[in-house]
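To be precise, the following lines are my_file.txt, and they hold compact mmCIF, C-alpha atoms.
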```
# COMPACT_ATOMS: atom_id res chain seq x y z
CA MET A 17 16.71 -11.98 -54.74
CA LYS A 18 14.68 -9.34 -52.93
CA LEU A 19 16.53 -6.57 -54.72
CA GLY A 20 16.06 -8.36 -58.04
CA MET A 21 12.30 -8.59 -57.46
CA ALA A 22 12.09 -4.91 -56.47
CA CYS A 23 14.07 -3.95 -59.57
CA LEU A 24 11.85 -6.11 -61.79
CA ALA A 25 8.74 -4.55 -60.26
CA GLY A 26 10.19 -1.10 -60.93
CA LEU A 27 11.00 -2.08 -64.50
CA LEU A 28 7.46 -3.34 -65.15
CA PHE A 29 6.11 -0.16 -63.62
CA GLY A 30 8.30 2.11 -65.73
CA LEU A 31 7.50 0.11 -68.84
CA GLY A 32 3.78 0.32 -68.10
CA LEU A 33 3.92 4.06 -67.48
CA SER A 34 5.76 4.83 -70.71
CA LEU A 35 3.72 2.42 -72.84
CA GLY A 36 0.51 3.73 -71.30
CA GLY A 37 1.18 7.39 -72.09
CA MET A 38 1.70 8.48 -68.48
CA THR A 39 5.18 9.84 -69.25
CA GLN A 40 3.68 12.24 -71.80
CA PRO A 41 2.48 15.28 -69.84
CA ALA A 42 0.47 16.38 -72.89
CA VAL A 43 -1.59 13.17 -72.61
CA VAL A 44 -1.97 13.52 -68.82
CA LEU A 45 -3.08 17.17 -69.06
CA GLY A 46 -5.39 16.19 -71.93
CA PHE A 47 -6.98 13.61 -69.63
CA LEU A 48 -7.53 16.20 -66.91
CA ASP A 49 -8.86 18.73 -69.44
CA ILE A 50 -12.45 17.48 -69.41
CA PHE A 51 -13.77 20.95 -70.25
CA GLY A 52 -11.54 21.19 -73.32
CA ASN A 53 -10.30 18.63 -75.81
CA TRP A 54 -10.60 15.62 -73.48
CA ASN A 55 -8.25 12.67 -74.04
CA PRO A 56 -9.61 9.51 -72.34
CA ARG A 57 -6.37 7.47 -72.71
CA LEU A 58 -5.45 7.40 -69.05
CA LEU A 59 -8.80 5.87 -68.19
CA PHE A 60 -7.52 2.71 -69.88
CA VAL A 61 -4.29 2.81 -67.85
CA MET A 62 -6.24 3.21 -64.62
CA ALA A 63 -8.72 0.47 -65.49
CA GLY A 64 -6.00 -1.99 -66.55
CA ALA A 65 -3.90 -1.27 -63.48
CA VAL A 66 -6.68 -1.30 -60.88
CA LEU A 67 -8.33 -4.47 -62.22
CA THR A 68 -5.03 -6.36 -62.50
CA THR A 69 -4.02 -5.27 -59.00
CA ALA A 70 -7.42 -6.08 -57.48
CA ILE A 71 -7.37 -9.62 -58.90
CA GLY A 72 -3.65 -10.18 -58.26
CA TYR A 73 -3.74 -8.94 -54.65
CA ARG A 74 -6.47 -11.40 -53.79
CA TRP A 75 -4.39 -14.15 -55.33
CA VAL A 76 -1.16 -13.33 -53.45
CA TRP A 77 -3.01 -12.71 -50.19
CA GLY A 78 -4.11 -16.34 -50.40
CA ARG A 79 -0.62 -17.14 -49.09
CA ALA A 80 0.20 -16.72 -45.43
CA ARG A 81 3.03 -14.30 -46.19
CA PRO A 82 5.03 -12.81 -49.08
CA TRP A 83 7.71 -14.98 -50.67
CA PHE A 84 10.67 -13.05 -49.29
CA GLU A 85 9.29 -11.28 -46.20
CA SER A 86 7.55 -12.30 -43.01
CA GLU A 87 4.38 -10.25 -43.50
CA PHE A 88 2.31 -8.13 -45.84
CA ARG A 89 2.82 -4.47 -44.96
CA LEU A 90 -0.51 -2.74 -45.50
CA PRO A 91 -1.31 0.82 -44.46
CA ALA A 92 -2.54 0.80 -40.87
CA THR A 93 -4.13 4.26 -40.93
CA ARG A 94 -7.85 4.18 -41.59
CA GLN A 95 -8.77 7.72 -40.69
CA ILE A 96 -9.83 10.20 -43.35
CA ASP A 97 -8.34 13.39 -41.92
CA SER A 98 -7.43 16.90 -43.03
CA ARG A 99 -3.86 15.82 -43.81
CA LEU A 100 -5.10 13.30 -46.35
CA VAL A 101 -7.48 15.75 -48.03
CA LEU A 102 -5.11 18.74 -47.96
CA GLY A 103 -2.22 16.61 -49.21
CA ALA A 104 -4.28 15.14 -52.04
CA ALA A 105 -5.49 18.63 -52.99
CA LEU A 106 -1.96 20.10 -53.09
CA PHE A 107 -0.83 17.11 -55.13
CA GLY A 108 -3.79 17.66 -57.50
CA ILE A 109 -2.74 21.28 -58.07
CA GLY A 110 0.84 20.28 -58.86
CA TRP A 111 -0.33 17.42 -61.09
CA GLY A 112 -2.68 19.75 -62.97
CA ILE A 113 0.00 22.40 -63.48
CA ALA A 114 2.64 20.25 -65.15
CA GLY A 115 1.04 16.83 -65.80
CA TYR A 116 3.55 14.83 -63.75
CA CYS A 117 2.74 12.60 -60.81
CA PRO A 118 5.72 11.05 -58.96
CA GLY A 119 6.05 7.82 -60.99
CA PRO A 120 6.16 9.38 -64.44
CA ALA A 121 8.38 12.21 -63.18
CA LEU A 122 10.99 9.75 -61.90
CA ALA A 123 10.59 7.42 -64.88
CA SER A 124 11.23 10.38 -67.22
CA LEU A 125 14.60 11.13 -65.61
CA GLY A 126 16.34 8.88 -68.13
CA SER A 127 15.51 11.36 -70.88
CA GLY A 128 18.00 13.82 -69.42
CA LEU A 129 15.49 16.65 -69.82
CA VAL A 130 16.47 19.54 -67.54
CA PRO A 131 12.86 20.64 -66.76
CA VAL A 132 12.06 17.07 -65.65
CA ALA A 133 15.15 16.96 -63.43
CA THR A 134 14.10 20.32 -61.97
CA LEU A 135 10.61 19.04 -61.18
CA VAL A 136 12.06 15.91 -59.57
CA ALA A 137 14.46 18.03 -57.48
CA THR A 138 11.67 20.23 -56.10
CA MET A 139 9.49 17.14 -55.59
CA VAL A 140 12.22 15.58 -53.45
CA LEU A 141 12.47 18.88 -51.55
CA GLY A 142 8.70 18.70 -51.00
CA TRP A 143 9.01 15.16 -49.58
CA TRP A 144 11.81 16.30 -47.33
CA LEU A 145 9.86 19.31 -46.07
CA ALA A 146 6.66 17.32 -45.46
CA ALA A 147 8.61 14.68 -43.55
CA ARG A 148 9.74 17.44 -41.18
CA LEU A 149 6.23 18.55 -40.26
CA PRO A 150 5.28 17.94 -36.61
CA ALA A 151 3.70 14.52 -36.08
CA PRO A 152 4.64 13.45 -39.57
CA ALA A 153 2.18 11.34 -41.52
CA LYS A 154 3.57 7.85 -41.83
CA PRO A 155 4.28 6.89 -45.43
CA THR A 156 1.52 4.47 -46.22
CA THR A 157 2.38 3.72 -49.79
CA MET B 24 -1.73 -0.41 -82.16
CA HIS B 25 -4.44 1.96 -80.98
CA PRO B 26 -3.26 4.25 -78.14
CA TRP B 27 -6.12 3.03 -75.96
CA VAL B 28 -4.93 -0.57 -76.34
CA LEU B 29 -1.34 0.43 -75.54
CA SER B 30 -2.63 2.28 -72.49
CA ALA B 31 -4.62 -0.73 -71.29
CA ILE B 32 -1.52 -2.95 -71.73
CA GLY B 33 0.53 -0.34 -69.87
CA GLY B 34 -2.04 -0.41 -67.08
CA VAL B 35 -1.87 -4.21 -66.85
CA LEU B 36 1.95 -4.00 -66.59
CA ILE B 37 1.61 -1.48 -63.75
CA GLY B 38 -0.84 -3.86 -62.07
CA LEU B 39 1.55 -6.80 -62.50
CA SER B 40 4.29 -4.70 -60.92
CA ALA B 41 2.03 -3.98 -57.93
CA VAL B 42 1.14 -7.67 -57.58
CA LEU B 43 4.80 -8.73 -57.86
CA LEU B 44 5.87 -6.28 -55.16
CA MET B 45 3.06 -7.40 -52.85
CA GLY B 46 3.67 -11.09 -53.53
CA THR B 47 7.42 -10.99 -53.00
CA LEU B 48 8.12 -8.16 -50.56
CA GLY B 49 4.63 -7.59 -49.16
CA ARG B 50 4.75 -3.94 -50.12
CA ILE B 51 2.34 -1.48 -51.71
CA ALA B 52 3.65 -0.17 -55.04
CA GLY B 53 3.25 3.48 -54.17
CA ILE B 54 5.91 5.51 -55.91
CA SER B 55 5.79 8.51 -53.59
CA GLY B 56 6.01 6.24 -50.55
CA ILE B 57 8.85 4.12 -51.93
CA ALA B 58 10.89 7.10 -53.14
CA SER B 59 10.18 9.55 -50.32
CA GLY B 60 11.36 6.95 -47.82
CA LEU B 61 14.81 7.48 -49.30
CA VAL B 62 14.87 11.15 -48.25
CA ALA B 63 12.89 10.70 -45.05
CA GLY B 64 15.14 8.31 -43.21
CA ALA B 65 13.67 4.90 -43.99
CA SER B 66 16.04 2.17 -42.80
CA ASP B 67 15.21 -0.25 -45.64
CA ARG B 68 16.85 1.59 -48.50
CA GLY B 69 18.00 -1.34 -50.65
CA TRP B 70 14.72 -2.45 -52.23
CA ARG B 71 13.64 1.18 -52.66
CA VAL B 72 16.76 2.02 -54.64
CA ALA B 73 16.42 -1.20 -56.68
CA PHE B 74 12.81 -0.31 -57.55
CA MET B 75 13.86 3.20 -58.63
CA VAL B 76 16.60 1.83 -60.86
CA GLY B 77 14.04 -0.41 -62.56
CA LEU B 78 11.52 2.43 -62.84
CA ILE B 79 13.99 4.70 -64.63
CA ALA B 80 15.18 1.81 -66.82
CA GLY B 81 11.59 1.06 -67.94
CA PRO B 82 11.24 3.76 -70.61
CA LEU B 83 14.82 3.09 -71.74
CA LEU B 84 13.93 -0.58 -72.29
CA LEU B 85 10.90 0.59 -74.27
CA LEU B 86 13.27 2.71 -76.37
CA LEU B 87 15.25 -0.45 -77.19
CA LEU B 88 12.12 -2.50 -77.92
CA ARG B 89 10.04 -0.01 -79.89
CA GLY B 90 12.48 2.69 -80.94
CA GLU B 91 10.77 5.29 -78.76
CA SER B 92 10.94 5.77 -75.00
CA GLY B 93 7.41 7.16 -74.68
CA ILE B 94 8.78 10.11 -72.69
CA GLY B 95 7.05 13.27 -73.86
CA ALA B 96 8.13 16.90 -73.76
CA PRO B 97 7.30 19.08 -70.75
CA GLN B 98 4.32 21.35 -71.41
CA VAL B 99 5.00 24.28 -69.08
CA SER B 100 7.93 26.59 -68.44
CA LEU B 101 10.69 25.87 -65.93
CA PRO B 102 9.30 27.97 -63.02
CA TRP B 103 5.96 26.16 -63.34
CA MET B 104 7.76 22.80 -63.42
CA ALA B 105 9.62 23.74 -60.23
CA ALA B 106 6.42 24.89 -58.49
CA ALA B 107 4.55 21.78 -59.62
CA GLY B 108 7.28 19.49 -58.28
CA LEU B 109 7.19 21.12 -54.86
CA LEU B 110 3.39 20.77 -54.65
CA VAL B 111 3.48 17.16 -55.86
CA GLY B 112 6.20 16.24 -53.39
CA PHE B 113 4.75 17.99 -50.35
CA GLY B 114 1.19 16.94 -51.17
CA THR B 115 1.90 13.26 -51.77
CA ARG B 116 3.89 12.92 -48.57
CA LEU B 117 1.26 14.80 -46.54
CA GLY B 118 -1.56 12.81 -48.11
CA GLY B 119 0.31 9.53 -47.79
CA GLY B 120 0.27 8.59 -51.46
CA CYS B 121 -0.09 9.48 -55.10
CA THR B 122 -1.64 8.11 -58.26
CA SER B 123 -0.03 4.71 -57.71
CA GLY B 124 -0.37 4.16 -53.96
CA HIS B 125 -3.84 5.64 -53.59
CA GLY B 126 -5.04 5.60 -57.21
CA VAL B 127 -4.05 2.05 -58.15
CA CYS B 128 -3.15 -0.03 -55.08
CA GLY B 129 -5.58 1.72 -52.71
CA MET B 130 -8.47 1.63 -55.16
CA ALA B 131 -7.76 -2.07 -55.80
CA ARG B 132 -8.01 -2.65 -52.04
CA LEU B 133 -11.17 -0.50 -51.89
CA SER B 134 -9.52 1.55 -49.13
CA PRO B 135 -11.83 4.43 -48.12
CA ARG B 136 -8.78 6.67 -47.54
CA SER B 137 -7.46 5.98 -51.01
CA LEU B 138 -10.85 6.40 -52.67
CA THR B 139 -11.16 9.79 -50.94
CA ALA B 140 -7.64 10.90 -51.87
CA THR B 141 -8.05 9.76 -55.49
CA MET B 142 -11.32 11.65 -55.83
CA VAL B 143 -9.74 14.79 -54.34
CA PHE B 144 -6.62 14.84 -56.51
CA MET B 145 -8.62 14.02 -59.65
CA VAL B 146 -11.15 16.81 -59.06
CA VAL B 147 -8.45 19.32 -58.06
CA GLY B 148 -6.31 18.25 -61.04
CA VAL B 149 -9.22 18.85 -63.41
CA ALA B 150 -9.94 22.23 -61.79
CA THR B 151 -6.27 23.21 -62.03
CA VAL B 152 -6.08 22.36 -65.73
CA PHE B 153 -9.29 24.35 -66.26
CA VAL B 154 -7.73 27.39 -64.57
CA MET B 155 -4.37 26.99 -66.34
CA ARG B 156 -5.79 26.39 -69.81
CA HIS B 157 -9.11 28.13 -69.97
CA LEU B 158 -8.80 31.00 -67.49
CA LEU B 159 -5.08 31.86 -67.53
CA GLY B 160 -5.01 30.97 -71.19
CA GLY B 161 -3.04 28.43 -73.10
CA SER B 162 -0.14 26.10 -72.55
CA GLY B 163 3.38 27.08 -71.66
CA VAL B 164 2.26 29.72 -69.17
```

Write out the structure in this file as structure tokens.
Amino acid sequence: MKLGMACLAGLLFGLGLSLGGMTQPAVVLGFLDIFGNWNPRLLFVMAGAVLTTAIGYRWVWGRARPWFESEFRLPATRQIDSRLVLGAALFGIGWGIAGYCPGPALASLGSGLVPVATLVATMVLGWWLAARLPAPAKPTT
Amino acid sequence: MHPWVLSAIGGVLIGLSAVLLMGTLGRIAGISGIASGLVAGASDRGWRVAFMVGLIAGPLLLLLLRGESGIGAPQVSLPWMAAAGLLVGFGTRLGGGCTSGHGVCGMARLSPRSLTATMVFMVVGVATVFVMRHLLGGSGV
């Protein structure tokens, strides 16, 4: 049941990404190109996702615990440190170069496109390397 | 349907996915966190793999429903794709999240860490596209 729910959540996510235009790097780069021919599409994805999540989270947190687990696992770290800012900046550079963040990159694997598979392979390498840094940042997401 | 409407619907689906994952497994729907746990020694691999299977199946389901997967063509050459992947992977792990974990779930929780990270990767992403497109000149560099 747990695995089924996780799979369904992944399916909804992948469906939302592809319907929303996130799996089209041209659309993503167009959104980030505010000094050029700006494409506002992703603003609608963000707004739809953040609003739905904000409302839905408050609804599910009304229960004492999740349906299939003993507790809600929320990020414990509160500190805004150099790791957070440096990591977000490096991610921003990579995102701006190719137009893929992790979700759309993974969701695009089904296309069988070699460049996408290459990007995913180096992304996994990046995760692996970062996890080997001293005092590794705990995955909060 | 207008692309903006499709994008808003896509966003709502992403939000529903986040709510489902929180309501059933008590987990944040952060793609980099879920996936990187698989290469960084997380002990709870089952639900992570199940989510990934669903995520990759999402665009393929869209292909069945609408006749198009929504997966677009890469916009930059293979070496740039490889470099981008490495930056995205390393950066998201270091910064503890990506567009989904920080940008959607974190923003919905009004987490100061996530608001900071989202602002940083958005601004850096915009700056990177500016450099790539308007200083280095053109797509496919």

Need to verify the contact set: Leu122 of chain A, 9 Å, all atoms listed in the file, exclusion of same-chain residues closer than 5 positions in sequence. Can you return it as a PyMOL selection string? (chain A and resi 30+117+132-133+136) or (chain B and resi 54+75+78-79)

At a cut-off of 12 Å around the point (12.3, 20.2, -66.1) (file coordinates), what residues fall inside when counting only C-alpha atoms? I'd like the answer as number ranges by chain. A: 41, 114-116, 121-122, 124-125, 127-139; B: 95-108

From B:Gly118, B:Gly129, B:Gly60, B:Gly160, residue lying nearest chain A [all atoms listed in the file]: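 With all atoms listed in the file as the atom set, the closest residue is B:Gly118.
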
To one decimal in Å, tell me the separation between atom CA of Tyr73 of chain A and atom CA of Met45 of chain B.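 Distance reported for this atom pair: 7.2 Å.
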
In Å, how far is it from atom CA of Ala105 of chain A to atom CA of Leu159 of chain B? 19.7 Å

What gap, in Å, lies between atom CA of Val28 of chain B and atom CA of Phe60 of chain A?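 Taking atom CA of Val28 of chain B and atom CA of Phe60 of chain A, their separation equals 7.7 Å.
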
Report as a PyMOL selection string all protein, DNA and RNA residues lying within 8 Å of segment 92-97 of chain A, evaluated on only C-alpha atoms, omitting residues in the same chain fewer than 3 positions from it. (chain A and resi 100-101+156) or (chain B and resi 135-136+139)

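Proximity of B:Cys121, B:Phe153, B:Thr115, B:Ser59 to Asn53 of chain A, computed with only C-alpha atoms, is greatest for B:Phe153.
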
With only C-alpha atoms as the atoms that count, which of A:Phe107, A:Met38, A:Val43, A:Ser86 lies nearest to chain B?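 Between A:Phe107, A:Met38, A:Val43, A:Ser86, the residue approaching chain B most closely is A:Phe107.
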
So that I can see what lies close to Leu19 of chain A, please list as an MDAnalysis selection string the residues with an atom at most 9 Å from it, counting all atoms listed in the file and leaving out residues fewer than 2 positions away in the same chain. (chainID A and resid 17 21:24) or (chainID B and resid 69:74)

Based on the selection just made, write C-alpha atoms of those residues as an mmCIF file, in the coordinates of the input.
```cif
data_model
loop_
_atom_site.group_PDB
_atom_site.id
_atom_site.type_symbol
_atom_site.label_atom_id
_atom_site.label_comp_id
_atom_site.auth_asym_id
_atom_site.auth_seq_id
_atom_site.Cartn_x
_atom_site.Cartn_y
_atom_site.Cartn_z
ATOM 1 C CA MET A 17 16.710 -11.980 -54.740
ATOM 2 C CA MET A 21 12.300 -8.590 -57.460
ATOM 3 C CA ALA A 22 12.090 -4.910 -56.470
ATOM 4 C CA CYS A 23 14.070 -3.950 -59.570
ATOM 5 C CA LEU A 24 11.850 -6.110 -61.790
ATOM 6 C CA GLY B 69 18.000 -1.340 -50.650
ATOM 7 C CA TRP B 70 14.720 -2.450 -52.230
ATOM 8 C CA ARG B 71 13.640 1.180 -52.660
ATOM 9 C CA VAL B 72 16.760 2.020 -54.640
ATOM 10 C CA ALA B 73 16.420 -1.200 -56.680
ATOM 11 C CA PHE B 74 12.810 -0.310 -57.550
#
```

So, with only C-alpha atoms as the atoms that count, which of B:Val111, B:Val146, B:Leu86, B:Ala65 lies closest to chain A?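 Of the candidates, the smallest distance to chain A is held by B:Val111.
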
Which polymer residues have any atom within 12 Å of an atom of Gly46 of chain A, counting only C-alpha atoms, with same-chain residues fewer than 3 positions away left out, as number ranges by chain? A: 37-38, 40-43, 49-59, 112-115; B: 98, 148-149, 152-153, 156, 162

Write out as a VMD selection string which residues come within 12 Å of Leu133 of chain B when counting only C-alpha atoms, dropping same-chain ones fewer than 3 positions away. (chain A and resid 66 to 67 69 to 70 73 94) or (chain B and resid 124 to 130 136 to 141)

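Among the candidates B:Leu61, B:Leu88, B:Ala131, B:Met24, the residue lying nearest to chain A is B:Ala131 (atoms considered: all atoms listed in the file).
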
From the list A:Gly103, A:Pro120, A:Ile71, A:Trp77, which residue is nearest chain B when using all atoms listed in the file? A:Gly103
